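All remarks here apply to the structure that follows.
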Amino acid sequence: MEKEGHVVLYRKYRPTTFGEVIGQDHVVTVLRNALKLDRVAHAYVFSGTRGTGKTTLARLLAKAYNCENLSKDGEPDNKCDSCINFASGKALDLIEIDAASNRGIDDIRDLRESVRFSPMHAKRKVYIIDEVHMLTKEAFNALLKTLEEPPAHAMFILATTELERVPDTILSRTQSFEFRRIAQDKIRERIREILKKEKYKLDEDGTSLVTFLADGSMRDAESMLGQLMDAYPEGADKDALENLFGLPKLSSVHELLHAALAKDPKTIVELLASILERGLDPKMLSRLLVHESRTLFLTLLSPKVFDDLKKDISEDHAKFFEDHKDTPRKDAELLLVKLLESHNKGFRGAFQELPVELALLDVSVRD
């Protein structure tokens, strides 16, 4: 992931202060207040989908709590020895554990032994346990003993993508925060900031496509952007993204939607065959169809949606919605419903493209 002299984007632009964290204001506000009031809890659970900042905020909290010159608004100064050590990963009092590979009772027993010892330099030893839901039942029971009677010098931050697998006994002894998927406008804004700092050119459709593919994950957006920069050092557009990630062309997606609304089943069959012959992912095709049909439906409901949309997409992209501004709402709604139903059926088995094909054909043959 990392070459000499090169740091991948999601690490290069990882937030160093609470103010830089995007899309998790409900968590940041509580943690900063806790720091200002010196009421930081001994144990937290951070849950949510991948790439939403759980581990980043865990490290920030650990650094801020141990900062030697914490600001009045709860921000670490990033200059003191403690901040420098925590930020570089060299702090001996920051212990990060991957529960996916250290999930047994012996691993937690080792943790219980080490937690008894006082911090070497920091105010508190901080244990960050990632993917904590992977712990065995016995390991959870052992961890519970520590959380019931925690040493004053220790803090635990448990991160998970599957909160439902964390026992209630653990949750009842922690403060729990659910991290939300990051809104698309926040991701798009962040991508634009990175593009400006990296002096890299990506057109608006390309930016919108990265935002869409990220699916609420800032880390995924930054990782894809990094791949794009490596593959196309001189700059890129949506065509480059489609080639790099094996995506169906947006124009093909629009042609399929148009054929369904125009009651043209023959064109649907021919277009789908052409798209799938190139070995493209039926699931991604389905996602794009749902996304574009939803956008069409929203533009028909409100002209303001279309006015706002035009600011973030190219003229060619906007032309599809302009050309279909007189589509009956009931037709657009039916198209969206059918495509969403087909997408939710899953993509297993030998005929993964069939649900999408049937959905488009169903709309095209209705009176």
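If you're wondering about the labels, chains in the structure tokens are A, B, ... by order shown, residues count from 1 in each chain, ligands from 1 in order shown.
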
At most 10 Å is the cut-off: for each residue in segment 154-266 of chain A with any atom that close to an atom of segment 311-322 of chain A, write down the nearest atom pair and the distance in Å rounded to one decimal, counting only C-alpha atoms, chain first then increasing number, as a Markdown table.
| residue | atom | partner | partner_atom | distance |
| --- | --- | --- | --- | --- |
| A:Asp185 | CA | A:Asp312 | CA | 9.6 |
| A:Arg188 | CA | A:Asp312 | CA | 9.0 |
| A:Asp203 | CA | A:Ser314 | CA | 8.1 |
| A:Glu204 | CA | A:Ile313 | CA | 5.4 |
| A:Asp205 | CA | A:Ile313 | CA | 5.2 |
| A:Gly206 | CA | A:Ile313 | CA | 8.8 |
| A:Thr207 | CA | A:Asp312 | CA | 8.4 |
| A:Ser208 | CA | A:Ile313 | CA | 7.0 |
| A:Leu209 | CA | A:Ile313 | CA | 9.6 |
| A:Leu250 | CA | A:His317 | CA | 8.2 |
| A:Ser251 | CA | A:His317 | CA | 8.3 |
| A:His254 | CA | A:Phe320 | CA | 7.0 |
| A:Glu255 | CA | A:Phe320 | CA | 9.2 |
| A:Leu257 | CA | A:Phe320 | CA | 9.8 |
| A:His258 | CA | A:Phe320 | CA | 8.8 |

Export, as a compact mmCIF listing (two decimals), in the first residue's frame, the selected residues with N, CA and C atoms.
# COMPACT_ATOMS: atom_id res chain seq x y z
N ASP A 185 -22.73 14.79 -0.69
CA ASP A 185 -22.21 16.15 -0.89
C ASP A 185 -20.95 16.39 -0.08
N ARG A 188 -18.16 14.53 -1.98
CA ARG A 188 -17.81 15.28 -3.19
C ARG A 188 -16.96 16.50 -2.84
N ASP A 203 -12.85 15.50 -14.14
CA ASP A 203 -14.05 16.26 -14.52
C ASP A 203 -15.19 16.02 -13.53
N GLU A 204 -16.25 16.80 -13.65
CA GLU A 204 -17.36 16.74 -12.68
C GLU A 204 -18.06 15.38 -12.69
N ASP A 205 -18.23 14.80 -13.89
CA ASP A 205 -18.84 13.48 -13.94
C ASP A 205 -17.97 12.43 -13.26
N GLY A 206 -16.66 12.58 -13.41
CA GLY A 206 -15.74 11.66 -12.75
C GLY A 206 -15.81 11.81 -11.24
N THR A 207 -15.88 13.06 -10.77
CA THR A 207 -16.01 13.31 -9.33
C THR A 207 -17.31 12.73 -8.80
N SER A 208 -18.39 12.92 -9.54
CA SER A 208 -19.69 12.38 -9.12
C SER A 208 -19.67 10.86 -9.10
N LEU A 209 -18.96 10.26 -10.06
CA LEU A 209 -18.89 8.80 -10.12
C LEU A 209 -18.11 8.22 -8.95
N LEU A 250 -21.92 5.37 -18.67
CA LEU A 250 -23.12 6.07 -18.23
C LEU A 250 -24.09 6.25 -19.39
N SER A 251 -23.54 6.43 -20.59
CA SER A 251 -24.41 6.58 -21.76
C SER A 251 -25.22 5.31 -22.02
N HIS A 254 -28.08 5.20 -19.53
CA HIS A 254 -29.15 6.11 -19.96
C HIS A 254 -29.93 5.52 -21.14
N GLU A 255 -29.24 4.85 -22.05
CA GLU A 255 -29.92 4.24 -23.19
C GLU A 255 -30.88 3.14 -22.73
N LEU A 257 -32.39 2.99 -19.76
CA LEU A 257 -33.54 3.64 -19.12
C LEU A 257 -34.48 4.24 -20.17
N HIS A 258 -33.89 4.85 -21.18
CA HIS A 258 -34.71 5.44 -22.25
C HIS A 258 -35.51 4.37 -22.97

Legend entry - segment 115-121 of chain A surroundings by only C-alpha atoms, 9 Å radius, close-in-sequence under 3 positions cut, as number ranges by chain: A: 82, 91-93, 110-112, 124-125, 127, 146, 150-151, 153-154

Inset, instruction - Please provide as a list in words all residues within 9 Å of Ser293 of chain A, with the sequence filter that same-chain residues fewer than 4 positions apart are discarded (counting only C-alpha atoms). - result: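 Contacts, with the query itself left out: His254, Leu257, Leu288, Leu289, Phe297, Leu298, Ala332, Glu333, Leu335, Leu336 and Leu339 of chain A.
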
Those residues with N, CA and C atoms, as a PDB file, in the first residue's frame please?
ATOM      1  N   HIS A 254     -28.076   5.201 -19.526  1.00  0.00           N
ATOM      2  CA  HIS A 254     -29.145   6.105 -19.962  1.00  0.00           C
ATOM      3  C   HIS A 254     -29.929   5.519 -21.141  1.00  0.00           C
ATOM      4  N   LEU A 257     -32.394   2.989 -19.762  1.00  0.00           N
ATOM      5  CA  LEU A 257     -33.538   3.639 -19.116  1.00  0.00           C
ATOM      6  C   LEU A 257     -34.476   4.241 -20.167  1.00  0.00           C
ATOM      7  N   LEU A 288     -26.130   1.483 -10.831  1.00  0.00           N
ATOM      8  CA  LEU A 288     -26.171   2.689 -11.644  1.00  0.00           C
ATOM      9  C   LEU A 288     -27.572   2.933 -12.203  1.00  0.00           C
ATOM     10  N   LEU A 289     -28.249   1.871 -12.596  1.00  0.00           N
ATOM     11  CA  LEU A 289     -29.620   2.013 -13.097  1.00  0.00           C
ATOM     12  C   LEU A 289     -30.544   2.557 -12.016  1.00  0.00           C
ATOM     13  N   PHE A 297     -36.511  10.476 -11.298  1.00  0.00           N
ATOM     14  CA  PHE A 297     -37.788  10.615 -10.590  1.00  0.00           C
ATOM     15  C   PHE A 297     -37.802  11.876  -9.722  1.00  0.00           C
ATOM     16  N   LEU A 298     -36.680  12.148  -9.031  1.00  0.00           N
ATOM     17  CA  LEU A 298     -36.594  13.331  -8.175  1.00  0.00           C
ATOM     18  C   LEU A 298     -36.649  14.623  -8.990  1.00  0.00           C
ATOM     19  N   ALA A 332     -41.921   6.937 -14.442  1.00  0.00           N
ATOM     20  CA  ALA A 332     -40.613   7.025 -13.786  1.00  0.00           C
ATOM     21  C   ALA A 332     -40.631   6.303 -12.440  1.00  0.00           C
ATOM     22  N   GLU A 333     -41.726   6.427 -11.719  1.00  0.00           N
ATOM     23  CA  GLU A 333     -41.842   5.752 -10.423  1.00  0.00           C
ATOM     24  C   GLU A 333     -41.857   4.235 -10.597  1.00  0.00           C
ATOM     25  N   LEU A 335     -40.560   2.511 -13.055  1.00  0.00           N
ATOM     26  CA  LEU A 335     -39.201   2.109 -13.440  1.00  0.00           C
ATOM     27  C   LEU A 335     -38.295   2.002 -12.219  1.00  0.00           C
ATOM     28  N   LEU A 336     -38.348   2.994 -11.344  1.00  0.00           N
ATOM     29  CA  LEU A 336     -37.520   2.983 -10.135  1.00  0.00           C
ATOM     30  C   LEU A 336     -37.885   1.821  -9.226  1.00  0.00           C
ATOM     31  N   LEU A 339     -36.684  -1.559 -10.745  1.00  0.00           N
ATOM     32  CA  LEU A 339     -35.223  -1.692 -10.690  1.00  0.00           C
ATOM     33  C   LEU A 339     -34.746  -1.919  -9.255  1.00  0.00           C
TER      34      LEU A 339
END

Determine, counting only C-alpha atoms, which protein, DNA and RNA residues have an atom within 7 Å of an atom of segment 51-64 of chain A; residues of the same chain fewer than 6 positions away are not included. Present the result as a CSV table (one decimal) with N, CA and C atoms, in the first residue's frame.
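Everything below was put into selection-v4.csv:
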chain,number,residue,atom,x,y,z
A,16,THR,N,-6.4,15.2,11.5
A,16,THR,CA,-5.5,15.3,12.6
A,16,THR,C,-6.1,16.1,13.8
A,17,THR,N,-7.3,16.7,13.5
A,17,THR,CA,-8.1,17.4,14.6
A,17,THR,C,-9.5,17.0,14.4
A,70,LEU,N,-3.9,20.7,25.5
A,70,LEU,CA,-5.3,20.6,24.9
A,70,LEU,C,-5.9,22.0,24.9
A,75,GLU,N,-9.4,20.5,21.3
A,75,GLU,CA,-8.5,20.1,20.2
A,75,GLU,C,-7.1,19.8,20.6
A,76,PRO,N,-6.5,18.7,20.1
A,76,PRO,CA,-5.1,18.5,20.5
A,76,PRO,C,-4.2,19.5,19.7
A,83,CYS,N,1.4,14.2,21.5
A,83,CYS,CA,0.7,14.2,20.2
A,83,CYS,C,1.5,13.6,19.1
A,86,PHE,N,1.7,9.8,19.5
A,86,PHE,CA,0.4,9.2,19.2
A,86,PHE,C,0.1,9.2,17.7
A,126,VAL,N,-4.4,3.5,26.2
A,126,VAL,CA,-5.6,3.4,25.4
A,126,VAL,C,-5.5,2.2,24.5
A,157,ILE,N,-11.5,1.5,23.5
A,157,ILE,CA,-12.3,2.0,22.4
A,157,ILE,C,-12.5,0.8,21.5
A,159,ALA,N,-14.2,-0.9,18.2
A,159,ALA,CA,-14.8,-0.5,16.9
A,159,ALA,C,-15.4,-1.8,16.3
A,179,PHE,N,-21.7,5.5,13.9
A,179,PHE,CA,-21.2,6.3,12.8
A,179,PHE,C,-22.1,6.2,11.6
A,180,ARG,N,-22.4,7.3,11.0
A,180,ARG,CA,-23.3,7.3,9.9
A,180,ARG,C,-22.5,7.3,8.6
A,181,ARG,N,-23.2,6.7,7.6
A,181,ARG,CA,-22.6,6.8,6.2
A,181,ARG,C,-22.5,8.3,5.9
A,182,ILE,N,-21.4,8.7,5.2
A,182,ILE,CA,-21.1,10.1,5.0
A,182,ILE,C,-21.9,10.5,3.7
A,217,SER,N,-18.6,5.9,2.1
A,217,SER,CA,-17.3,5.6,2.8
A,217,SER,C,-16.2,6.6,2.2
A,218,MET,N,-15.7,7.4,3.1
A,218,MET,CA,-14.7,8.4,2.7
A,218,MET,C,-13.4,7.7,2.4
A,219,ARG,N,-13.1,6.6,3.1
A,219,ARG,CA,-11.8,5.9,2.8
A,219,ARG,C,-11.9,5.2,1.4
A,220,ASP,N,-13.1,4.7,1.0
A,220,ASP,CA,-13.2,4.1,-0.3
A,220,ASP,C,-13.0,5.2,-1.4

Legend entry - Shell of 12 Å around Lys199 of chain A, only C-alpha atoms, local chain residues under 6 positions omitted, as a PyMOL selection string: chain A and resi 191-193+229+233-235

Inset, instruction - From a DSSP pass on the backbone, collect the residues of segment 28-140 of chain A flagged as alpha helix (DSSP H) and hand them back as a PyMOL selection string. - result: chain A and resi 28-36+54-65+81-88+105-115+137-140

Could the residues in this selection be saved with N, CA and C atoms as a CSV table (one decimal), in the first residue's frame?
chain,number,residue,atom,x,y,z
A,28,VAL,N,-18.4,13.8,17.3
A,28,VAL,CA,-17.4,14.8,17.6
A,28,VAL,C,-17.8,15.7,18.7
A,29,THR,N,-19.0,16.2,18.6
A,29,THR,CA,-19.5,17.2,19.6
A,29,THR,C,-19.4,16.6,21.0
A,30,VAL,N,-19.9,15.4,21.2
A,30,VAL,CA,-19.9,14.7,22.5
A,30,VAL,C,-18.5,14.5,23.0
A,31,LEU,N,-17.6,14.0,22.1
A,31,LEU,CA,-16.2,13.7,22.5
A,31,LEU,C,-15.5,15.0,22.9
A,32,ARG,N,-15.7,16.1,22.1
A,32,ARG,CA,-15.0,17.3,22.5
A,32,ARG,C,-15.5,17.9,23.8
A,33,ASN,N,-16.8,17.8,24.0
A,33,ASN,CA,-17.3,18.3,25.3
A,33,ASN,C,-16.8,17.5,26.5
A,34,ALA,N,-16.7,16.2,26.3
A,34,ALA,CA,-16.1,15.3,27.3
A,34,ALA,C,-14.7,15.7,27.6
A,35,LEU,N,-13.9,16.0,26.6
A,35,LEU,CA,-12.5,16.4,26.8
A,35,LEU,C,-12.5,17.7,27.6
A,36,LYS,N,-13.3,18.7,27.1
A,36,LYS,CA,-13.3,20.0,27.8
A,36,LYS,C,-13.7,19.9,29.2
A,54,LYS,N,-14.3,5.4,12.1
A,54,LYS,CA,-14.3,4.9,13.5
A,54,LYS,C,-12.9,4.8,14.1
A,55,THR,N,-12.0,4.2,13.4
A,55,THR,CA,-10.6,4.1,13.9
A,55,THR,C,-9.9,5.4,13.9
A,56,THR,N,-10.2,6.3,12.9
A,56,THR,CA,-9.6,7.6,12.9
A,56,THR,C,-10.0,8.4,14.2
A,57,LEU,N,-11.3,8.4,14.5
A,57,LEU,CA,-11.8,9.1,15.7
A,57,LEU,C,-11.2,8.5,17.0
A,58,ALA,N,-11.1,7.1,17.0
A,58,ALA,CA,-10.5,6.5,18.2
A,58,ALA,C,-9.1,7.0,18.4
A,59,ARG,N,-8.3,7.1,17.4
A,59,ARG,CA,-6.9,7.6,17.5
A,59,ARG,C,-6.9,9.0,17.9
A,60,LEU,N,-7.8,9.8,17.4
A,60,LEU,CA,-7.9,11.2,17.7
A,60,LEU,C,-8.3,11.4,19.2
A,61,LEU,N,-9.2,10.6,19.7
A,61,LEU,CA,-9.6,10.7,21.1
A,61,LEU,C,-8.4,10.3,22.0
A,62,ALA,N,-7.7,9.3,21.6
A,62,ALA,CA,-6.6,8.8,22.4
A,62,ALA,C,-5.5,9.9,22.4
A,63,LYS,N,-5.3,10.6,21.3
A,63,LYS,CA,-4.3,11.6,21.2
A,63,LYS,C,-4.7,12.9,22.0
A,64,ALA,N,-6.0,13.3,21.8
A,64,ALA,CA,-6.4,14.5,22.5
A,64,ALA,C,-6.5,14.3,24.0
A,65,TYR,N,-6.9,13.1,24.5
A,65,TYR,CA,-6.9,12.9,25.9
A,65,TYR,C,-5.6,13.0,26.5
A,81,ASP,N,5.1,16.4,22.6
A,81,ASP,CA,5.7,15.1,22.4
A,81,ASP,C,4.6,14.0,22.4
A,82,SER,N,3.6,14.2,23.3
A,82,SER,CA,2.6,13.1,23.3
A,82,SER,C,1.8,13.0,22.0
A,83,CYS,N,1.4,14.2,21.5
A,83,CYS,CA,0.7,14.2,20.2
A,83,CYS,C,1.5,13.6,19.1
A,84,ILE,N,2.8,14.0,19.0
A,84,ILE,CA,3.6,13.5,18.0
A,84,ILE,C,3.8,12.0,18.0
A,85,ASN,N,3.9,11.5,19.2
A,85,ASN,CA,4.1,10.0,19.4
A,85,ASN,C,2.8,9.3,19.0
A,86,PHE,N,1.7,9.8,19.5
A,86,PHE,CA,0.4,9.2,19.2
A,86,PHE,C,0.1,9.2,17.7
A,87,ALA,N,0.4,10.4,17.1
A,87,ALA,CA,0.1,10.5,15.6
A,87,ALA,C,1.0,9.7,14.8
A,88,SER,N,2.2,9.4,15.2
A,88,SER,CA,3.1,8.6,14.4
A,88,SER,C,3.0,7.1,14.7
A,105,ILE,N,-9.7,-16.3,23.9
A,105,ILE,CA,-9.6,-15.9,25.4
A,105,ILE,C,-8.2,-15.7,25.8
A,106,ASP,N,-7.2,-16.4,25.2
A,106,ASP,CA,-5.8,-16.1,25.6
A,106,ASP,C,-5.3,-14.7,25.3
A,107,ASP,N,-5.8,-14.2,24.1
A,107,ASP,CA,-5.4,-12.9,23.7
A,107,ASP,C,-6.0,-11.8,24.7
A,108,ILE,N,-7.2,-12.0,25.1
A,108,ILE,CA,-7.8,-11.1,26.1
A,108,ILE,C,-7.2,-11.2,27.5
A,109,ARG,N,-6.8,-12.5,27.8
A,109,ARG,CA,-6.1,-12.6,29.1
A,109,ARG,C,-4.8,-11.9,29.1
A,110,ASP,N,-4.1,-11.9,28.0
A,110,ASP,CA,-2.9,-11.1,27.8
A,110,ASP,C,-3.2,-9.6,28.0
A,111,LEU,N,-4.3,-9.2,27.4
A,111,LEU,CA,-4.7,-7.8,27.5
A,111,LEU,C,-4.9,-7.4,29.0
A,112,ARG,N,-5.6,-8.3,29.7
A,112,ARG,CA,-6.0,-8.1,31.1
A,112,ARG,C,-4.7,-8.0,32.0
A,113,GLU,N,-3.7,-8.8,31.6
A,113,GLU,CA,-2.5,-8.7,32.4
A,113,GLU,C,-1.7,-7.4,32.1
A,114,SER,N,-1.7,-7.0,30.9
A,114,SER,CA,-1.0,-5.7,30.5
A,114,SER,C,-1.7,-4.5,31.0
A,115,VAL,N,-3.0,-4.5,31.1
A,115,VAL,CA,-3.7,-3.3,31.5
A,115,VAL,C,-3.5,-3.0,33.0
A,137,LYS,N,-17.0,-16.0,22.4
A,137,LYS,CA,-17.9,-15.8,23.6
A,137,LYS,C,-17.0,-15.7,24.8
A,138,GLU,N,-16.1,-16.6,24.9
A,138,GLU,CA,-15.2,-16.7,26.1
A,138,GLU,C,-14.3,-15.4,26.2
A,139,ALA,N,-13.9,-14.9,25.0
A,139,ALA,CA,-13.1,-13.7,25.1
A,139,ALA,C,-13.9,-12.5,25.5
A,140,PHE,N,-15.1,-12.4,25.0
A,140,PHE,CA,-16.0,-11.3,25.5
A,140,PHE,C,-16.2,-11.4,27.0

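Secondary structure from DSSP on the backbone puts strand (DSSP E) at the following positions of segment 91-150 of chain A: Leu94, Ile95, Glu96, Ile97, Asp98, Lys125, Val126, Tyr127, Ile128, Ile129 and Asp130 of chain A.
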
When you look at Gln227 of chain A with a cut-off of 10 Å (counting only C-alpha atoms), what residues show up, excluding the ones that are within fewer than 3 positions of it in the same chain? I need them as a compact mmCIF listing (two decimals) with C-alpha atoms, in the first residue's frame.
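Result saved to part.txt:
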# COMPACT_ATOMS: atom_id res chain seq x y z
CA VAL A 8 -1.69 6.60 0.07
CA LEU A 9 -4.36 9.30 0.06
CA GLU A 222 -9.85 8.33 -1.29
CA SER A 223 -8.60 4.84 -2.21
CA MET A 224 -10.32 4.96 -5.61
CA ASP A 230 -1.67 6.07 -10.34
CA ALA A 231 -3.34 4.81 -13.51
CA TYR A 232 -3.80 8.22 -15.16
CA PRO A 233 -1.10 10.59 -13.79
CA LEU A 241 -12.98 5.64 -14.25
CA LEU A 244 -10.26 1.34 -14.59
CA PHE A 245 -13.08 -0.14 -12.51
